[in-house]
Amino acid sequence: MNSFYRIASAAALMIIAAAIPILLFSGIIRIPFTKIPVFNEKTEETNPVTDAPPLTEGHTGESGDHPVTVEPPKTAEPPNTGDIIVLSGAEKVLNALTKESGIMTVTDSRFDPAKHILVLADTSEWTLPDEYSYGKNIREFFLRSDKKEENLQTVITDEPAVHPRMGFIFVTYSEGKVSLIYNDGSVIYDAIPEDLVFMGARDENDNPVFKQGKKYVYYSAESGEFKPSSFNPDKDYRGIEFDYPSYYGKTNNDINRTVSGSNYWGFAKADGSGVVGSGWRYRGAYAFRDGFGLCWDSKNRLHIHNDSGTEKFTDINLLRPEHDGIENLGHYMFEYGLMRARLVTYDPKGNIETDREVILGKNGKEYHIAPDYNVVSYSDGVFLMEKNGLYGYMSHTGEWLCDPKYTYARPFIEGLGVIGYKDGRKGIMTVSGEWAVELAFTEITDCSGGVIALYDNTTGFKVIKKVDIAHKTEEKQ
């Protein structure tokens with residue numbers, strides 16, 4: 001009898017041991033990830049940022065633990081099912097989305113699942129291209145430290161044939177024709193006139209700006225026509241060159257950046273009651289936000305003022321980033337009590353001796369980045385982190401939204417981040433770490449003006465929109 005029980009017990013243990021990998025793989029059993037600190041405040045004293053909790057607690061130096069690299073999952077071959085139709089992952093995601101109907105208000109506000117939903121757009125008024133791309137997007141810029149022609153920087157990427165930009169959709173076809181579509185799906189131009197150029201900027205009323213000939217214009221959805229815009233390239237510059245949402249780079253108090261007749265910048269009260277600080281003596285300024293305003297001088301040195309006009313952090317040297325591309329999001333203002341900063345030291349002759357990136361708190365404290373991590377961008381309160389060529393998202397609170405295990409990631413725009421595998425599936429994540437769109441598409445554009453283009457070989461192009469829940473049930477007139 002004892003031998004029988006021993007044999008039965010051994011058999012039971014073997015069955016359990018064999019089942020554990022299956023349960024782990026299926027997700028029935030979950031092993032929680034350990035929270036891994038990446039940031040650590042430089043000073044030993046406890047002095048948290050006023051508007052945001054410390055990113056981490058404890059030491060994160062050379063001896064600290066770090067996330068384990070996870071290889072991308074292997075894509076299994078679909079089973080042979082005879083005449084049964086097997087939907088691709090992309091098709092399943094699209095089928096689960098609410099379809100656009102009635103009047104749905106598209107918004108470029110930061111995505112909030114309590115206020116917004118993503119819907120599958122109605123594209124019946126225009127034709128979706130067959131291929132993902134018919135050409136290249138070439139972006140050229142000089143680094144501020146060296147504007148010699150031989151040091152021109154060039155970034156070349158595939159230009160998506162369906163390209164959302166600030167609420168418009170630029171559609172390129174194989175024959176070279178480019179159509180202009182509005183975010184409600186209506187066709188503005190079947191073929192865009194050659195003299196109409198999109199500027200990728202907004203005027204003082206947040207209208208996306210085009211240039212037609214020598215004049216700046218904007219599109220009025222109410223009249224269906226282009227009208228003159230008050231756009232001023234200097235006055236309306238928001239500090240970075242990308243298709244930014246309407247809320248980006250604007251003051252959130254009663255202090256505005258202003259320019260003098262001699263093109264020097266400073267800050268002044270919105271009611272005209274007076275200049276803040278030392279007056280107009282800077283070559284440029286970013287919007288005054290979260291109690292601080294950033295200006296720069298003729299040598300691109302940053303000067304940070306509080307709302308009483310006092311210059312802060314005068315014991316350190318800060319410079320503007322080398323260029324104004326989307327890669328430098330986070331350098332232009334404090335957000336949730338933190339900002340990216342370029343910290344430099346000089347030798348006795350005034351030449352730059354050291355030049356490194358830091359995370360700066362509103363209390364002037366520096367937050368160190370663990371040696372094997374790089375900050376790629378900071379926007380919507382989310383750091384895009386890179387380690388050994390792998391990417392992950394981390395909240396300003398120090399919590400991982402997703403571990404650095406992906407080979408492709410984009411900065412958060414409008415509260416949504418595109419992340420996944422460079423030569424595989426991509427999805428869209430929210431600032432809470434939830435999947436707004438699961439890993440199912442080979443290409444996904446950044447959210448721009450509340451519009452996103454999805455592409456997969458099984459579905460071709462599809463367009464989704466970020467809409468206000470409160471307006472999604474109204475009927476078209």
# chains A, B, ... in the order shown; residues from 1 in each chain; ligands from 1

call {"tool": "residues_around", "arguments": {"residues": "range 310-314 of chain A", "least_positions_apart": "5", "cutoff": "8 Å", "atoms": "only C-alpha atoms", "output": "VMD selection string"}}
result
chain A and resid 277 303 to 305 364

call {"tool": "residues_around", "arguments": {"residues": "Ser145 in chain A", "least_positions_apart": "3", "cutoff": "10 Å", "atoms": "only C-alpha atoms", "output": "list of chain:residue names"}}
result
A:Phe142, A:Lys148, A:Lys299, A:Asn300, A:Pro321, A:Glu322, A:His323

call {"tool": "write_last_selection", "arguments": {"atoms": "N, CA and C atoms", "output": "short mmCIF file (atom, residue, chain, number, x, y, z; two decimals), in the first residue's frame"}}
result
data_model
loop_
_atom_site.label_atom_id
_atom_site.label_comp_id
_atom_site.auth_asym_id
_atom_site.auth_seq_id
_atom_site.Cartn_x
_atom_site.Cartn_y
_atom_site.Cartn_z
N PHE A 142 20.56 71.49 -38.45
CA PHE A 142 21.91 71.69 -37.94
C PHE A 142 21.89 71.58 -36.42
N LYS A 148 28.17 74.18 -39.49
CA LYS A 148 28.88 73.99 -40.74
C LYS A 148 28.11 73.05 -41.64
N LYS A 299 23.88 83.01 -26.55
CA LYS A 299 24.75 81.82 -26.56
C LYS A 299 23.96 80.55 -26.23
N ASN A 300 22.64 80.65 -26.33
CA ASN A 300 21.73 79.52 -26.08
C ASN A 300 21.78 79.00 -24.66
N PRO A 321 18.72 72.33 -25.91
CA PRO A 321 19.15 71.10 -26.60
C PRO A 321 19.76 71.44 -27.95
N GLU A 322 20.48 70.48 -28.52
CA GLU A 322 21.20 70.72 -29.77
C GLU A 322 20.29 71.03 -30.95
N HIS A 323 19.05 70.56 -30.90
CA HIS A 323 18.10 70.87 -31.97
C HIS A 323 16.69 70.76 -31.41
#

call {"tool": "closest_residue", "arguments": {"among": "A:Val275, A:Gly224, A:Ser229, A:Asp130", "to": "Asp203 in chain A", "atoms": "only C-alpha atoms"}}
result
A:Ser229

call {"tool": "closest_residue", "arguments": {"among": "A:Gly239, A:Gly200, A:Gly337, A:Gly272", "to": "Asp324 in chain A", "atoms": "only C-alpha atoms"}}
result
A:Gly239

call {"tool": "closest_residue", "arguments": {"among": "A:Tyr264, A:Tyr216, A:Asp297, A:Phe334", "to": "Thr251 in chain A", "atoms": "only C-alpha atoms"}}
result
A:Phe334

call {"tool": "select_by_dssp", "arguments": {"residues": "range 84-188 of chain A", "states": "helix (DSSP H, G or I)", "output": "number ranges by chain"}}
result
A: 89-96, 149-151

call {"tool": "write_last_selection", "arguments": {"atoms": "all heavy atoms", "output": "short mmCIF file (atom, residue, chain, number, x, y, z; two decimals), in the first residue's frame"}}
result
data_model
loop_
_atom_site.label_atom_id
_atom_site.label_comp_id
_atom_site.auth_asym_id
_atom_site.auth_seq_id
_atom_site.Cartn_x
_atom_site.Cartn_y
_atom_site.Cartn_z
N GLY A 89 -4.74 39.16 -35.91
CA GLY A 89 -4.82 39.99 -34.71
C GLY A 89 -5.33 41.38 -35.02
O GLY A 89 -6.13 41.95 -34.27
N ALA A 90 -4.89 41.95 -36.16
CA ALA A 90 -5.34 43.28 -36.54
C ALA A 90 -6.84 43.31 -36.81
O ALA A 90 -7.54 44.24 -36.40
CB ALA A 90 -4.57 43.76 -37.78
N GLU A 91 -7.34 42.28 -37.49
CA GLU A 91 -8.77 42.23 -37.78
C GLU A 91 -9.60 42.10 -36.51
O GLU A 91 -10.67 42.71 -36.39
CB GLU A 91 -9.05 41.04 -38.71
CG GLU A 91 -8.51 41.25 -40.13
CD GLU A 91 -8.58 39.99 -40.97
OE1 GLU A 91 -8.29 38.91 -40.44
OE2 GLU A 91 -8.93 40.11 -42.16
N LYS A 92 -9.11 41.34 -35.54
CA LYS A 92 -9.82 41.20 -34.28
C LYS A 92 -9.89 42.53 -33.54
O LYS A 92 -10.93 42.89 -32.98
CB LYS A 92 -9.13 40.15 -33.41
CG LYS A 92 -9.25 38.73 -33.93
CD LYS A 92 -8.51 37.75 -33.04
CE LYS A 92 -8.61 36.33 -33.58
NZ LYS A 92 -7.84 35.37 -32.75
N VAL A 93 -8.77 43.27 -33.54
CA VAL A 93 -8.74 44.58 -32.87
C VAL A 93 -9.73 45.53 -33.54
O VAL A 93 -10.50 46.23 -32.88
CB VAL A 93 -7.32 45.17 -32.89
CG1 VAL A 93 -7.34 46.63 -32.44
CG2 VAL A 93 -6.39 44.36 -32.01
N LEU A 94 -9.72 45.57 -34.87
CA LEU A 94 -10.61 46.47 -35.60
C LEU A 94 -12.08 46.10 -35.37
O LEU A 94 -12.93 46.98 -35.24
CB LEU A 94 -10.28 46.43 -37.09
CG LEU A 94 -8.91 47.00 -37.48
CD1 LEU A 94 -8.59 46.69 -38.94
CD2 LEU A 94 -8.85 48.50 -37.24
N ASN A 95 -12.37 44.81 -35.34
CA ASN A 95 -13.76 44.37 -35.12
C ASN A 95 -14.28 44.77 -33.74
O ASN A 95 -15.48 44.95 -33.54
CB ASN A 95 -13.87 42.86 -35.29
CG ASN A 95 -13.80 42.43 -36.75
OD1 ASN A 95 -13.98 43.25 -37.64
ND2 ASN A 95 -13.53 41.16 -36.99
N ALA A 96 -13.36 44.90 -32.78
CA ALA A 96 -13.77 45.24 -31.42
C ALA A 96 -13.98 46.74 -31.22
O ALA A 96 -14.59 47.16 -30.23
CB ALA A 96 -12.71 44.75 -30.43
N GLU A 149 28.16 73.32 -42.94
CA GLU A 149 27.36 72.56 -43.89
C GLU A 149 27.65 71.06 -43.84
O GLU A 149 26.75 70.24 -43.99
CB GLU A 149 27.60 73.09 -45.30
CG GLU A 149 26.69 72.46 -46.35
CD GLU A 149 26.83 73.12 -47.71
OE1 GLU A 149 27.44 74.20 -47.78
OE2 GLU A 149 26.31 72.54 -48.68
N GLU A 150 28.94 70.72 -43.61
CA GLU A 150 29.28 69.29 -43.60
C GLU A 150 28.71 68.56 -42.38
O GLU A 150 28.73 67.32 -42.32
CB GLU A 150 30.80 69.10 -43.64
CG GLU A 150 31.56 69.74 -42.49
CD GLU A 150 32.05 71.15 -42.80
OE1 GLU A 150 31.41 71.82 -43.65
OE2 GLU A 150 33.04 71.58 -42.21
N ASN A 151 28.20 69.31 -41.41
CA ASN A 151 27.63 68.70 -40.21
C ASN A 151 26.10 68.75 -40.20
O ASN A 151 25.47 68.62 -39.16
CB ASN A 151 28.18 69.37 -38.95
CG ASN A 151 29.65 69.06 -38.74
OD1 ASN A 151 30.07 67.93 -38.98
ND2 ASN A 151 30.41 70.04 -38.31
#

call {"tool": "residues_around", "arguments": {"residues": "range 166-168 of chain A", "least_positions_apart": "5", "cutoff": "6 Å", "atoms": "only C-alpha atoms", "output": "VMD selection string"}}
result
chain A and resid 181 to 183 448 to 449

call {"tool": "write_last_selection", "arguments": {"atoms": "all heavy atoms", "output": "PDB file, in the first residue's frame"}}
result
ATOM      1  N   ILE A 181      -7.494  65.599 -46.452  1.00  0.00           N
ATOM      2  CA  ILE A 181      -8.743  65.186 -45.825  1.00  0.00           C
ATOM      3  C   ILE A 181      -8.854  65.855 -44.456  1.00  0.00           C
ATOM      4  O   ILE A 181      -7.860  65.968 -43.731  1.00  0.00           O
ATOM      5  CB  ILE A 181      -8.790  63.649 -45.638  1.00  0.00           C
ATOM      6  CG1 ILE A 181      -8.323  62.924 -46.906  1.00  0.00           C
ATOM      7  CG2 ILE A 181     -10.165  63.195 -45.208  1.00  0.00           C
ATOM      8  CD1 ILE A 181      -9.177  63.155 -48.111  1.00  0.00           C
ATOM      9  N   TYR A 182     -10.057  66.298 -44.093  1.00  0.00           N
ATOM     10  CA  TYR A 182     -10.266  66.865 -42.771  1.00  0.00           C
ATOM     11  C   TYR A 182     -10.584  65.745 -41.787  1.00  0.00           C
ATOM     12  O   TYR A 182     -10.915  64.617 -42.182  1.00  0.00           O
ATOM     13  CB  TYR A 182     -11.394  67.899 -42.803  1.00  0.00           C
ATOM     14  CG  TYR A 182     -11.458  68.756 -41.555  1.00  0.00           C
ATOM     15  CD1 TYR A 182     -10.340  69.464 -41.117  1.00  0.00           C
ATOM     16  CD2 TYR A 182     -12.625  68.833 -40.794  1.00  0.00           C
ATOM     17  CE1 TYR A 182     -10.385  70.229 -39.973  1.00  0.00           C
ATOM     18  CE2 TYR A 182     -12.684  69.607 -39.649  1.00  0.00           C
ATOM     19  CZ  TYR A 182     -11.553  70.296 -39.235  1.00  0.00           C
ATOM     20  OH  TYR A 182     -11.600  71.043 -38.093  1.00  0.00           O
ATOM     21  N   ASN A 183     -10.509  66.047 -40.488  1.00  0.00           N
ATOM     22  CA  ASN A 183     -10.685  64.985 -39.497  1.00  0.00           C
ATOM     23  C   ASN A 183     -12.107  64.426 -39.426  1.00  0.00           C
ATOM     24  O   ASN A 183     -12.334  63.395 -38.786  1.00  0.00           O
ATOM     25  CB  ASN A 183     -10.225  65.439 -38.105  1.00  0.00           C
ATOM     26  CG  ASN A 183     -11.045  66.589 -37.540  1.00  0.00           C
ATOM     27  OD1 ASN A 183     -12.179  66.811 -37.916  1.00  0.00           O
ATOM     28  ND2 ASN A 183     -10.447  67.336 -36.622  1.00  0.00           N
ATOM     29  N   SER A 448      -2.122  62.465 -33.930  1.00  0.00           N
ATOM     30  CA  SER A 448      -1.950  63.880 -34.281  1.00  0.00           C
ATOM     31  C   SER A 448      -3.317  64.488 -34.561  1.00  0.00           C
ATOM     32  O   SER A 448      -4.022  64.049 -35.480  1.00  0.00           O
ATOM     33  CB  SER A 448      -1.042  64.030 -35.506  1.00  0.00           C
ATOM     34  OG  SER A 448      -0.766  65.393 -35.760  1.00  0.00           O
ATOM     35  N   GLY A 449      -3.688  65.460 -33.748  1.00  0.00           N
ATOM     36  CA  GLY A 449      -4.998  66.070 -33.908  1.00  0.00           C
ATOM     37  C   GLY A 449      -6.126  65.087 -33.653  1.00  0.00           C
ATOM     38  O   GLY A 449      -7.230  65.235 -34.182  1.00  0.00           O
TER      39      GLY A 449
END

call {"tool": "closest_residue", "arguments": {"among": "A:Val431, A:Leu384, A:Val375, A:Ile464", "to": "Ile444 in chain A", "atoms": "only C-alpha atoms"}}
result
A:Ile464

call {"tool": "select_by_dssp", "arguments": {"residues": "range 181-385 of chain A", "states": "strand (DSSP E)", "output": "PyMOL selection string"}}
result
chain A and resi 181-182+187-189+196-202+208-212+215-220+225-228+255-259+265-269+275-276+284-285+292-296+302-306+311-312+317-319+338-346+352-361+366-369+374-379+382-385

call {"tool": "atom_distance", "arguments": {"atom1": "CA of Thr258 in chain A", "atom2": "CA of Ile413 in chain A"}}
result
27.1 Å

call {"tool": "residues_around", "arguments": {"residues": "Lys387 in chain A", "least_positions_apart": "4", "cutoff": "8 Å", "atoms": "only C-alpha atoms", "output": "list in words"}}
result
Asp372, Tyr373, Asn374, Tyr391 and Pro404 of chain A

call {"tool": "atom_distance", "arguments": {"atom1": "CA of Ser133 in chain A", "atom2": "CA of Glu159 in chain A"}}
result
5.7 Å

call {"tool": "closest_residue", "arguments": {"among": "A:Gly460, A:Gly325, A:Gly392, A:Gly284", "to": "Thr154 in chain A", "atoms": "only C-alpha atoms"}}
result
A:Gly325

call {"tool": "residues_around", "arguments": {"residues": "Tyr393 in chain A", "least_positions_apart": "2", "cutoff": "12 Å", "atoms": "only C-alpha atoms", "output": "ChimeraX atom specification"}}
result
/A:38,373-387,390-391,395-406,408-412,416-420,428-434

call {"tool": "closest_residue", "arguments": {"among": "A:Gly135, A:Pro113, A:Gly389, A:Pro371", "to": "Val358 in chain A", "atoms": "only C-alpha atoms"}}
result
A:Pro371
